[in-house]
>>> print(open('coords-v8.cif').read())   # mmCIF, N, CA and C atoms
data_model
loop_
_atom_site.label_atom_id
_atom_site.label_comp_id
_atom_site.auth_asym_id
_atom_site.auth_seq_id
_atom_site.Cartn_x
_atom_site.Cartn_y
_atom_site.Cartn_z
N MET P 1 -60.07 81.37 47.51
CA MET P 1 -59.17 82.46 47.27
C MET P 1 -58.81 82.49 45.80
N THR P 2 -58.82 83.67 45.21
CA THR P 2 -58.43 83.81 43.82
C THR P 2 -57.04 84.40 43.75
N PRO P 3 -56.25 83.98 42.75
CA PRO P 3 -54.90 84.52 42.63
C PRO P 3 -54.93 86.02 42.39
N ARG P 4 -53.93 86.71 42.90
CA ARG P 4 -53.82 88.14 42.69
C ARG P 4 -53.41 88.43 41.26
N GLN P 5 -54.01 89.43 40.68
CA GLN P 5 -53.69 89.83 39.32
C GLN P 5 -52.55 90.84 39.34
N PRO P 6 -51.65 90.80 38.35
CA PRO P 6 -50.60 91.80 38.27
C PRO P 6 -51.22 93.19 38.24
N GLY P 7 -50.60 94.12 38.95
CA GLY P 7 -51.10 95.49 38.98
C GLY P 7 -52.24 95.71 39.95
N SER P 8 -52.70 94.66 40.63
CA SER P 8 -53.78 94.84 41.59
C SER P 8 -53.23 95.49 42.86
N ALA P 9 -54.13 95.88 43.73
CA ALA P 9 -53.75 96.55 44.98
C ALA P 9 -52.85 95.64 45.81
N PRO P 10 -51.86 96.21 46.48
CA PRO P 10 -51.03 95.40 47.35
C PRO P 10 -51.87 94.69 48.41
N HIS P 11 -51.46 93.48 48.72
CA HIS P 11 -52.18 92.65 49.69
C HIS P 11 -51.45 92.64 51.02
N ILE P 12 -52.20 92.86 52.09
CA ILE P 12 -51.65 92.87 53.45
C ILE P 12 -52.34 91.81 54.28
N LEU P 13 -51.55 91.03 54.99
CA LEU P 13 -52.08 90.11 56.00
C LEU P 13 -51.94 90.78 57.36
N ILE P 14 -53.01 90.78 58.12
CA ILE P 14 -52.97 91.27 59.49
C ILE P 14 -53.16 90.07 60.40
N VAL P 15 -52.20 89.87 61.30
CA VAL P 15 -52.25 88.75 62.24
C VAL P 15 -52.38 89.35 63.63
N GLU P 16 -53.57 89.27 64.18
CA GLU P 16 -53.89 89.93 65.45
C GLU P 16 -54.98 89.14 66.15
N ASP P 17 -54.73 88.75 67.40
CA ASP P 17 -55.71 87.92 68.11
C ASP P 17 -56.83 88.72 68.76
N GLU P 18 -56.67 90.03 68.86
CA GLU P 18 -57.73 90.88 69.41
C GLU P 18 -58.60 91.39 68.26
N PRO P 19 -59.86 90.92 68.17
CA PRO P 19 -60.71 91.30 67.03
C PRO P 19 -60.86 92.81 66.84
N SER P 20 -60.99 93.57 67.91
CA SER P 20 -61.17 95.02 67.75
C SER P 20 -59.91 95.68 67.18
N THR P 21 -58.75 95.20 67.57
CA THR P 21 -57.51 95.75 67.03
C THR P 21 -57.34 95.35 65.56
N ALA P 22 -57.64 94.10 65.24
CA ALA P 22 -57.56 93.64 63.84
C ALA P 22 -58.49 94.47 62.97
N TRP P 23 -59.70 94.72 63.46
CA TRP P 23 -60.67 95.52 62.71
C TRP P 23 -60.15 96.94 62.50
N ALA P 24 -59.62 97.56 63.57
CA ALA P 24 -59.11 98.93 63.47
C ALA P 24 -57.96 99.03 62.48
N LEU P 25 -57.06 98.06 62.50
CA LEU P 25 -55.94 98.06 61.55
C LEU P 25 -56.45 97.91 60.12
N ALA P 26 -57.36 96.97 59.91
CA ALA P 26 -57.90 96.74 58.57
C ALA P 26 -58.64 97.98 58.06
N GLU P 27 -59.45 98.58 58.90
CA GLU P 27 -60.19 99.78 58.50
C GLU P 27 -59.23 100.93 58.18
N GLY P 28 -58.24 101.11 59.03
CA GLY P 28 -57.29 102.21 58.83
C GLY P 28 -56.47 102.08 57.56
N LEU P 29 -56.21 100.85 57.15
CA LEU P 29 -55.39 100.63 55.95
C LEU P 29 -56.21 100.43 54.68
N SER P 30 -57.45 100.00 54.82
CA SER P 30 -58.28 99.77 53.63
C SER P 30 -58.58 101.09 52.91
N ASP P 31 -58.56 102.20 53.62
CA ASP P 31 -58.77 103.50 52.98
C ASP P 31 -57.69 103.82 51.96
N ASP P 32 -56.53 103.17 52.10
CA ASP P 32 -55.43 103.38 51.16
C ASP P 32 -55.50 102.43 49.97
N GLY P 33 -56.57 101.65 49.88
CA GLY P 33 -56.78 100.79 48.73
C GLY P 33 -56.13 99.43 48.80
N PHE P 34 -55.61 99.07 49.96
CA PHE P 34 -54.99 97.76 50.11
C PHE P 34 -56.04 96.67 50.18
N SER P 35 -55.69 95.50 49.69
CA SER P 35 -56.49 94.30 49.87
C SER P 35 -56.00 93.68 51.18
N ILE P 36 -56.92 93.32 52.08
CA ILE P 36 -56.52 92.90 53.42
C ILE P 36 -57.24 91.63 53.84
N ASP P 37 -56.49 90.72 54.44
CA ASP P 37 -57.05 89.55 55.11
C ASP P 37 -56.53 89.55 56.53
N THR P 38 -57.39 89.13 57.46
CA THR P 38 -56.98 89.09 58.87
C THR P 38 -57.03 87.66 59.38
N PHE P 39 -56.11 87.38 60.30
CA PHE P 39 -56.01 86.07 60.93
C PHE P 39 -55.75 86.26 62.42
N ARG P 40 -56.25 85.31 63.21
CA ARG P 40 -56.11 85.41 64.67
C ARG P 40 -54.85 84.74 65.19
N SER P 41 -54.14 83.99 64.33
CA SER P 41 -52.91 83.33 64.77
C SER P 41 -51.92 83.28 63.62
N ALA P 42 -50.65 83.16 63.98
CA ALA P 42 -49.59 83.02 62.98
C ALA P 42 -49.78 81.73 62.19
N GLU P 43 -50.20 80.69 62.88
CA GLU P 43 -50.40 79.40 62.21
C GLU P 43 -51.46 79.49 61.11
N GLU P 44 -52.56 80.20 61.40
CA GLU P 44 -53.61 80.39 60.37
C GLU P 44 -53.06 81.15 59.17
N ALA P 45 -52.28 82.18 59.44
CA ALA P 45 -51.70 82.98 58.36
C ALA P 45 -50.76 82.14 57.51
N LEU P 46 -49.96 81.30 58.14
CA LEU P 46 -49.03 80.44 57.40
C LEU P 46 -49.76 79.44 56.52
N VAL P 47 -50.87 78.90 57.01
CA VAL P 47 -51.68 77.98 56.18
C VAL P 47 -52.18 78.73 54.95
N TRP P 48 -52.69 79.94 55.15
CA TRP P 48 -53.19 80.73 54.03
C TRP P 48 -52.07 81.02 53.03
N LEU P 49 -50.88 81.34 53.54
CA LEU P 49 -49.76 81.69 52.67
C LEU P 49 -49.26 80.52 51.83
N LYS P 50 -49.63 79.30 52.19
CA LYS P 50 -49.23 78.15 51.36
C LYS P 50 -49.87 78.22 49.98
N SER P 51 -51.06 78.81 49.90
CA SER P 51 -51.74 78.90 48.61
C SER P 51 -52.00 80.34 48.18
N GLY P 52 -51.69 81.29 49.03
CA GLY P 52 -51.92 82.69 48.70
C GLY P 52 -50.63 83.47 48.69
N ARG P 53 -50.73 84.72 48.31
CA ARG P 53 -49.57 85.58 48.25
C ARG P 53 -49.90 86.91 48.89
N SER P 54 -48.98 87.40 49.68
CA SER P 54 -49.17 88.68 50.33
C SER P 54 -47.93 89.54 50.11
N ASP P 55 -48.13 90.84 50.09
CA ASP P 55 -47.02 91.76 49.90
C ASP P 55 -46.41 92.23 51.21
N LEU P 56 -47.17 92.10 52.31
CA LEU P 56 -46.72 92.61 53.60
C LEU P 56 -47.52 91.93 54.69
N VAL P 57 -46.89 91.72 55.83
CA VAL P 57 -47.57 91.15 57.00
C VAL P 57 -47.44 92.13 58.16
N ILE P 58 -48.55 92.41 58.80
CA ILE P 58 -48.56 93.18 60.05
C ILE P 58 -49.02 92.21 61.12
N SER P 59 -48.19 92.02 62.14
CA SER P 59 -48.52 91.03 63.16
C SER P 59 -48.32 91.59 64.56
N ASP P 60 -49.21 91.17 65.44
CA ASP P 60 -49.00 91.41 66.86
C ASP P 60 -47.79 90.59 67.28
N LEU P 61 -47.09 91.05 68.27
CA LEU P 61 -45.93 90.30 68.77
C LEU P 61 -46.38 89.09 69.57
N ARG P 62 -47.29 89.31 70.51
CA ARG P 62 -47.76 88.23 71.37
C ARG P 62 -49.07 87.68 70.83
N LEU P 63 -48.99 86.44 70.40
CA LEU P 63 -50.15 85.74 69.85
C LEU P 63 -50.27 84.38 70.52
N PRO P 64 -51.45 83.78 70.49
CA PRO P 64 -51.53 82.40 70.97
C PRO P 64 -50.73 81.49 70.03
N GLY P 65 -49.97 80.59 70.57
CA GLY P 65 -49.13 79.72 69.72
C GLY P 65 -47.88 80.46 69.30
N MET P 66 -47.59 80.42 68.02
CA MET P 66 -46.40 81.06 67.47
C MET P 66 -46.47 82.58 67.64
N SER P 67 -45.38 83.19 68.07
CA SER P 67 -45.34 84.64 68.24
C SER P 67 -45.18 85.34 66.90
N GLY P 68 -45.45 86.64 66.89
CA GLY P 68 -45.23 87.42 65.69
C GLY P 68 -43.77 87.46 65.29
N LEU P 69 -42.88 87.44 66.28
CA LEU P 69 -41.45 87.42 66.00
C LEU P 69 -41.04 86.11 65.33
N ASP P 70 -41.57 84.99 65.82
CA ASP P 70 -41.29 83.70 65.18
C ASP P 70 -41.87 83.65 63.77
N LEU P 71 -43.03 84.25 63.59
CA LEU P 71 -43.62 84.32 62.25
C LEU P 71 -42.70 85.10 61.32
N ALA P 72 -42.18 86.23 61.79
CA ALA P 72 -41.27 87.03 60.96
C ALA P 72 -40.03 86.23 60.58
N ARG P 73 -39.49 85.49 61.53
CA ARG P 73 -38.31 84.66 61.24
C ARG P 73 -38.63 83.60 60.18
N LYS P 74 -39.77 82.97 60.32
CA LYS P 74 -40.17 81.91 59.38
C LYS P 74 -40.38 82.49 57.98
N LEU P 75 -41.02 83.63 57.90
CA LEU P 75 -41.26 84.26 56.60
C LEU P 75 -39.96 84.71 55.96
N ARG P 76 -39.03 85.18 56.75
CA ARG P 76 -37.74 85.63 56.21
C ARG P 76 -36.99 84.47 55.56
N ARG P 77 -37.14 83.28 56.13
CA ARG P 77 -36.48 82.10 55.56
C ARG P 77 -37.19 81.59 54.31
N GLY P 78 -38.42 82.03 54.10
CA GLY P 78 -39.20 81.55 52.96
C GLY P 78 -38.80 82.21 51.65
N LYS P 79 -39.43 81.76 50.57
CA LYS P 79 -39.12 82.25 49.24
C LYS P 79 -39.56 83.70 49.02
N SER P 80 -40.72 84.07 49.54
CA SER P 80 -41.26 85.38 49.22
C SER P 80 -40.65 86.50 50.06
N ALA P 81 -40.28 86.20 51.28
CA ALA P 81 -39.62 87.16 52.17
C ALA P 81 -40.33 88.52 52.20
N GLN P 82 -41.65 88.49 52.35
CA GLN P 82 -42.38 89.75 52.42
C GLN P 82 -42.03 90.49 53.72
N PRO P 83 -42.09 91.82 53.68
CA PRO P 83 -41.79 92.59 54.88
C PRO P 83 -42.80 92.29 56.00
N VAL P 84 -42.32 92.40 57.22
CA VAL P 84 -43.17 92.19 58.40
C VAL P 84 -43.05 93.43 59.29
N ILE P 85 -44.19 93.93 59.71
CA ILE P 85 -44.26 95.01 60.69
C ILE P 85 -44.90 94.42 61.93
N LEU P 86 -44.25 94.62 63.08
CA LEU P 86 -44.80 94.12 64.34
C LEU P 86 -45.44 95.25 65.12
N VAL P 87 -46.53 94.92 65.79
CA VAL P 87 -47.18 95.83 66.73
C VAL P 87 -47.23 95.12 68.07
N THR P 88 -46.99 95.87 69.14
CA THR P 88 -46.94 95.23 70.44
C THR P 88 -47.26 96.20 71.57
N ALA P 89 -47.82 95.65 72.60
CA ALA P 89 -48.01 96.42 73.83
C ALA P 89 -46.81 96.23 74.75
N TYR P 90 -45.85 95.41 74.31
CA TYR P 90 -44.70 95.05 75.14
C TYR P 90 -43.40 95.38 74.41
N GLY P 91 -43.21 96.64 74.08
CA GLY P 91 -42.08 97.05 73.24
C GLY P 91 -40.85 97.48 74.01
N ASP P 92 -40.24 96.58 74.76
CA ASP P 92 -39.02 96.94 75.46
C ASP P 92 -37.83 96.89 74.50
N ALA P 93 -36.68 97.41 74.93
CA ALA P 93 -35.49 97.50 74.07
C ALA P 93 -35.03 96.13 73.59
N GLU P 94 -35.09 95.12 74.43
CA GLU P 94 -34.66 93.77 74.04
C GLU P 94 -35.53 93.22 72.92
N THR P 95 -36.84 93.43 73.04
CA THR P 95 -37.77 92.96 72.01
C THR P 95 -37.48 93.67 70.69
N LEU P 96 -37.25 94.97 70.73
CA LEU P 96 -36.96 95.72 69.51
C LEU P 96 -35.66 95.24 68.87
N ASP P 97 -34.66 94.93 69.67
CA ASP P 97 -33.40 94.40 69.14
C ASP P 97 -33.62 93.05 68.46
N ARG P 98 -34.38 92.18 69.11
CA ARG P 98 -34.66 90.86 68.51
C ARG P 98 -35.45 91.01 67.22
N ALA P 99 -36.35 91.98 67.16
CA ALA P 99 -37.12 92.22 65.95
C ALA P 99 -36.21 92.67 64.81
N ARG P 100 -35.26 93.55 65.10
CA ARG P 100 -34.33 94.00 64.06
C ARG P 100 -33.49 92.84 63.54
N VAL P 101 -32.99 92.00 64.45
CA VAL P 101 -32.19 90.84 64.04
C VAL P 101 -33.01 89.90 63.17
N ALA P 102 -34.31 89.78 63.47
CA ALA P 102 -35.19 88.90 62.70
C ALA P 102 -35.57 89.50 61.34
N GLY P 103 -35.15 90.74 61.08
CA GLY P 103 -35.43 91.36 59.80
C GLY P 103 -36.77 92.06 59.71
N VAL P 104 -37.36 92.38 60.85
CA VAL P 104 -38.65 93.08 60.86
C VAL P 104 -38.46 94.49 60.29
N SER P 105 -39.36 94.90 59.42
CA SER P 105 -39.27 96.23 58.79
C SER P 105 -39.46 97.36 59.78
N ASP P 106 -40.40 97.16 60.69
CA ASP P 106 -40.70 98.20 61.67
C ASP P 106 -41.40 97.56 62.85
N CYS P 107 -41.40 98.26 63.98
CA CYS P 107 -42.05 97.75 65.18
C CYS P 107 -42.71 98.93 65.89
N PHE P 108 -43.98 98.79 66.22
CA PHE P 108 -44.74 99.85 66.87
C PHE P 108 -45.25 99.40 68.22
N SER P 109 -45.15 100.29 69.19
CA SER P 109 -45.73 100.04 70.50
C SER P 109 -47.16 100.57 70.51
N LYS P 110 -48.08 99.74 71.00
CA LYS P 110 -49.48 100.17 71.14
C LYS P 110 -49.58 101.10 72.34
N PRO P 111 -50.40 102.11 72.25
CA PRO P 111 -51.14 102.57 71.07
C PRO P 111 -50.23 103.37 70.14
N PHE P 112 -50.59 103.41 68.88
CA PHE P 112 -49.83 104.17 67.89
C PHE P 112 -50.82 104.84 66.96
N ARG P 113 -50.32 105.81 66.22
CA ARG P 113 -51.18 106.54 65.27
C ARG P 113 -51.22 105.78 63.95
N ILE P 114 -52.40 105.63 63.40
CA ILE P 114 -52.57 104.87 62.16
C ILE P 114 -51.81 105.52 61.00
N ASP P 115 -51.70 106.85 60.99
CA ASP P 115 -50.97 107.49 59.90
C ASP P 115 -49.48 107.15 59.96
N THR P 116 -48.94 106.93 61.15
CA THR P 116 -47.54 106.50 61.28
C THR P 116 -47.38 105.09 60.72
N LEU P 117 -48.34 104.22 61.00
CA LEU P 117 -48.31 102.86 60.46
C LEU P 117 -48.45 102.90 58.93
N ARG P 118 -49.33 103.74 58.43
CA ARG P 118 -49.51 103.86 56.97
C ARG P 118 -48.21 104.24 56.28
N ARG P 119 -47.47 105.20 56.85
CA ARG P 119 -46.19 105.59 56.27
C ARG P 119 -45.21 104.43 56.27
N SER P 120 -45.18 103.67 57.36
CA SER P 120 -44.29 102.52 57.47
C SER P 120 -44.66 101.46 56.43
N VAL P 121 -45.95 101.23 56.24
CA VAL P 121 -46.42 100.26 55.25
C VAL P 121 -45.97 100.69 53.85
N ARG P 122 -46.16 101.96 53.52
CA ARG P 122 -45.74 102.45 52.20
C ARG P 122 -44.23 102.30 52.00
N ARG P 123 -43.44 102.64 53.03
CA ARG P 123 -41.98 102.50 52.92
C ARG P 123 -41.59 101.04 52.70
N ALA P 124 -42.20 100.14 53.46
CA ALA P 124 -41.87 98.71 53.34
C ALA P 124 -42.25 98.18 51.96
N LEU P 125 -43.40 98.58 51.44
CA LEU P 125 -43.83 98.12 50.11
C LEU P 125 -42.93 98.71 49.02
N GLU P 126 -42.54 99.98 49.16
CA GLU P 126 -41.65 100.60 48.18
C GLU P 126 -40.28 99.92 48.19
N SER P 127 -39.79 99.61 49.37
CA SER P 127 -38.50 98.93 49.50
C SER P 127 -38.56 97.54 48.86
N ARG P 128 -39.66 96.83 49.09
CA ARG P 128 -39.81 95.49 48.49
C ARG P 128 -39.87 95.58 46.96
N ALA P 129 -40.60 96.57 46.45
CA ALA P 129 -40.70 96.74 45.01
C ALA P 129 -39.34 97.07 44.40
N ALA P 130 -38.57 97.93 45.05
CA ALA P 130 -37.24 98.29 44.56
C ALA P 130 -36.32 97.07 44.57
N ARG P 131 -36.41 96.25 45.61
CA ARG P 131 -35.60 95.02 45.69
C ARG P 131 -35.98 94.08 44.55
N GLY P 132 -37.26 93.97 44.26
CA GLY P 132 -37.72 93.13 43.16
C GLY P 132 -37.21 93.62 41.81
N ARG P 133 -37.21 94.93 41.61
CA ARG P 133 -36.69 95.47 40.35
C ARG P 133 -35.19 95.19 40.22
N ARG P 134 -34.44 95.33 41.31
CA ARG P 134 -33.00 95.04 41.27
C ARG P 134 -32.74 93.58 40.93
N LEU P 135 -33.54 92.68 41.51
CA LEU P 135 -33.37 91.26 41.25
C LEU P 135 -33.66 90.93 39.79
N LYS P 136 -34.72 91.54 39.23
CA LYS P 136 -35.07 91.30 37.82
C LYS P 136 -33.96 91.82 36.91
N LYS P 137 -33.40 92.98 37.26
CA LYS P 137 -32.34 93.57 36.46
C LYS P 137 -31.10 92.68 36.46
N ALA P 138 -30.81 92.10 37.60
CA ALA P 138 -29.62 91.26 37.75
C ALA P 138 -29.76 89.92 37.04
N ALA P 139 -31.00 89.50 36.83
CA ALA P 139 -31.23 88.15 36.23
C ALA P 139 -31.03 88.14 34.74
#
>>> encode(input="coords-v8.cif", output="C-alpha cells")
Amino acid sequence: MTPRQPGSAPHILIVEDEPSTAWALAEGLSDDGFSIDTFRSAEEALVWLKSGRSDLVISDLRLPGMSGLDLARKLRRGKSAQPVILVTAYGDAETLDRARVAGVSDCFSKPFRIDTLRRSVRRALESRAARGRRLKKAA
C-alpha cells in the first residue's frame, strides 16, 4: 500500500461479506473518481487501517465476526473518526436508533439506489472536510 497523496481522490473502504454486493458498491462509486478498497470483514478492514488511511467507510451491518455497527463504534473512538455509512437488509427502527447513537452518518436498507448512496457519500465527505477546516482554524 502506498500513502495517499494530498489532493488525491477520496478513499473509501467497503466492508461487505457478499462479493456481488461489494463489487456493485465499488463499481457504482468508482465512477465518481473515488479510490476504493474492499474487505470481507470488519477485522480485515481494521488491520488495513493500522497502516492505511481512509476518508469514509461503507459497511454492511451484519458481517461475520465484528458487526458493522461495532466497527463504526470502534472507528468513532479512534483518531481519524472517518464517517461510516451502514447498509443492511435488516433495517428495523431499533437498529437505526443504535446506528445514530454510534455516530453513523447514514444507514440504508437493501435494496437501495446507488445515486442515493452517492449523495450520502458526498455529504459525509463534505461534512468531514468542513470539520477538518474548523479544527485547523481553531489550532
>>> closest_residue(input="coords-v8.cif", among="P:Ser8, P:Lys74, P:Lys50, P:Ile14", to="Gly28 (chain P)", atoms="only C-alpha atoms")
P:Ile14
>>> closest_residue(input="coords-v8.cif", among="P:Arg40, P:Arg131, P:Arg53, P:Arg122", to="Ser20 (chain P)", atoms="only C-alpha atoms")
P:Arg40
>>> resolve_selection(input="coords-v8.cif", expression="the PyMOL selection byres (((chain P and resi 15 and name CA) around 7) and name CA)", output="number ranges by chain")
P: 13-14, 16-17, 38-42, 45, 58-60
>>> closest_residue(input="coords-v8.cif", among="P:Ile114, P:Glu44, P:Ala102, P:Ala22", to="Arg76 (chain P)", atoms="only N, CA and C atoms")
P:Ala102
>>> atom_distance(input="coords-v8.cif", atom1="atom N of Arg77 (chain P)", atom2="atom C of Pro10 (chain P)")
20.2 Å
>>> atom_distance(input="coords-v8.cif", atom1="CA of Gly52 (chain P)", atom2="CA of Asp70 (chain P)")
19.6 Å
>>> atom_distance(input="coords-v8.cif", atom1="atom N of Lys137 (chain P)", atom2="CA of Trp48 (chain P)")
28.7 Å
>>> closest_atom_pairs(input="coords-v8.cif", of="region 4-55 of chain P", to="region 125-130 of chain P", cutoff="12 Å", atoms="only C-alpha atoms", output="Markdown table")
| residue | atom | partner | partner_atom | distance |
| --- | --- | --- | --- | --- |
| P:Ala9 | CA | P:Leu125 | CA | 11.3 |
| P:Pro10 | CA | P:Leu125 | CA | 8.2 |
| P:His11 | CA | P:Leu125 | CA | 10.0 |
| P:Ile12 | CA | P:Leu125 | CA | 10.0 |
| P:Phe34 | CA | P:Leu125 | CA | 11.2 |
| P:Ser54 | CA | P:Leu125 | CA | 10.8 |
| P:Asp55 | CA | P:Leu125 | CA | 7.1 |
>>> residues_around(input="coords-v8.cif", residues="Arg62 (chain P)", least_positions_apart="6", cutoff="8 Å", atoms="only N, CA and C atoms", output="list in words")
Glu16, Asp17, Gly68, Leu69, Val87, Thr88, Ala89 and Tyr90 of chain P
>>> closest_residue(input="coords-v8.cif", among="P:Asp97, P:Ser35, P:Ile85, P:Thr21", to="Val121 (chain P)", atoms="all atoms listed in the file")
P:Ile85
>>> select_by_dssp(input="coords-v8.cif", residues="region 65-94 of chain P", states="alpha helix (DSSP H)", output="list in words")
Gly68, Leu69, Asp70, Leu71, Ala72, Arg73, Lys74, Leu75, Arg76, Arg77, Ala93 and Glu94 of chain P
>>> write_last_selection(input="coords-v8.cif", atoms="N, CA and C atoms", output="JSON list (two decimals), in the coordinates of the input")
[["chain", "number", "residue", "atom", "x", "y", "z"],
["P", 68, "GLY", "N", -45.45, 86.64, 66.89],
["P", 68, "GLY", "CA", -45.23, 87.42, 65.69],
["P", 68, "GLY", "C", -43.77, 87.46, 65.29],
["P", 69, "LEU", "N", -42.88, 87.44, 66.28],
["P", 69, "LEU", "CA", -41.45, 87.42, 66.00],
["P", 69, "LEU", "C", -41.04, 86.11, 65.33],
["P", 70, "ASP", "N", -41.57, 84.99, 65.82],
["P", 70, "ASP", "CA", -41.29, 83.70, 65.18],
["P", 70, "ASP", "C", -41.87, 83.65, 63.77],
["P", 71, "LEU", "N", -43.03, 84.25, 63.59],
["P", 71, "LEU", "CA", -43.62, 84.32, 62.25],
["P", 71, "LEU", "C", -42.70, 85.10, 61.32],
["P", 72, "ALA", "N", -42.18, 86.23, 61.79],
["P", 72, "ALA", "CA", -41.27, 87.03, 60.96],
["P", 72, "ALA", "C", -40.03, 86.23, 60.58],
["P", 73, "ARG", "N", -39.49, 85.49, 61.53],
["P", 73, "ARG", "CA", -38.31, 84.66, 61.24],
["P", 73, "ARG", "C", -38.63, 83.60, 60.18],
["P", 74, "LYS", "N", -39.77, 82.97, 60.32],
["P", 74, "LYS", "CA", -40.17, 81.91, 59.38],
["P", 74, "LYS", "C", -40.38, 82.49, 57.98],
["P", 75, "LEU", "N", -41.02, 83.63, 57.90],
["P", 75, "LEU", "CA", -41.26, 84.26, 56.60],
["P", 75, "LEU", "C", -39.96, 84.71, 55.96],
["P", 76, "ARG", "N", -39.03, 85.18, 56.75],
["P", 76, "ARG", "CA", -37.74, 85.63, 56.21],
["P", 76, "ARG", "C", -36.99, 84.47, 55.56],
["P", 77, "ARG", "N", -37.14, 83.28, 56.13],
["P", 77, "ARG", "CA", -36.48, 82.10, 55.56],
["P", 77, "ARG", "C", -37.19, 81.59, 54.31],
["P", 93, "ALA", "N", -36.68, 97.41, 74.93],
["P", 93, "ALA", "CA", -35.49, 97.50, 74.07],
["P", 93, "ALA", "C", -35.03, 96.13, 73.59],
["P", 94, "GLU", "N", -35.09, 95.12, 74.43],
["P", 94, "GLU", "CA", -34.66, 93.77, 74.04],
["P", 94, "GLU", "C", -35.53, 93.22, 72.92]]
>>> closest_residue(input="coords-v8.cif", among="P:Ala24, P:Pro19, P:Pro83, P:Leu29", to="Arg118 (chain P)", atoms="all atoms listed in the file")
P:Leu29
>>> select_by_dssp(input="coords-v8.cif", residues="region 12-93 of chain P", states="strand (DSSP E)", output="PyMOL selection string")
chain P and resi 12-15+35-39+56-60+84-88
>>> residues_around(input="coords-v8.cif", residues="Gly91 (chain P)", least_positions_apart="2", cutoff="7 Å", atoms="only N, CA and C atoms", output="PyMOL selection string")
chain P and resi 88-89+93-96+108-110
>>> write_last_selection(input="coords-v8.cif", atoms="N, CA and C atoms", output="PDB file, keeping the file's coordinate frame")
ATOM      1  N   THR P  88     -46.990  95.870  69.140  1.00  0.00           N
ATOM      2  CA  THR P  88     -46.940  95.230  70.440  1.00  0.00           C
ATOM      3  C   THR P  88     -47.260  96.200  71.570  1.00  0.00           C
ATOM      4  N   ALA P  89     -47.820  95.650  72.600  1.00  0.00           N
ATOM      5  CA  ALA P  89     -48.010  96.420  73.830  1.00  0.00           C
ATOM      6  C   ALA P  89     -46.810  96.230  74.750  1.00  0.00           C
ATOM      7  N   ALA P  93     -36.680  97.410  74.930  1.00  0.00           N
ATOM      8  CA  ALA P  93     -35.490  97.500  74.070  1.00  0.00           C
ATOM      9  C   ALA P  93     -35.030  96.130  73.590  1.00  0.00           C
ATOM     10  N   GLU P  94     -35.090  95.120  74.430  1.00  0.00           N
ATOM     11  CA  GLU P  94     -34.660  93.770  74.040  1.00  0.00           C
ATOM     12  C   GLU P  94     -35.530  93.220  72.920  1.00  0.00           C
ATOM     13  N   THR P  95     -36.840  93.430  73.040  1.00  0.00           N
ATOM     14  CA  THR P  95     -37.770  92.960  72.010  1.00  0.00           C
ATOM     15  C   THR P  95     -37.480  93.670  70.690  1.00  0.00           C
ATOM     16  N   LEU P  96     -37.250  94.970  70.730  1.00  0.00           N
ATOM     17  CA  LEU P  96     -36.960  95.720  69.510  1.00  0.00           C
ATOM     18  C   LEU P  96     -35.660  95.240  68.870  1.00  0.00           C
ATOM     19  N   PHE P 108     -43.980  98.790  66.220  1.00  0.00           N
ATOM     20  CA  PHE P 108     -44.740  99.850  66.870  1.00  0.00           C
ATOM     21  C   PHE P 108     -45.250  99.400  68.220  1.00  0.00           C
ATOM     22  N   SER P 109     -45.150 100.290  69.190  1.00  0.00           N
ATOM     23  CA  SER P 109     -45.730 100.040  70.500  1.00  0.00           C
ATOM     24  C   SER P 109     -47.160 100.570  70.510  1.00  0.00           C
ATOM     25  N   LYS P 110     -48.080  99.740  71.000  1.00  0.00           N
ATOM     26  CA  LYS P 110     -49.480 100.170  71.140  1.00  0.00           C
ATOM     27  C   LYS P 110     -49.580 101.100  72.340  1.00  0.00           C
TER      28      LYS P 110
END
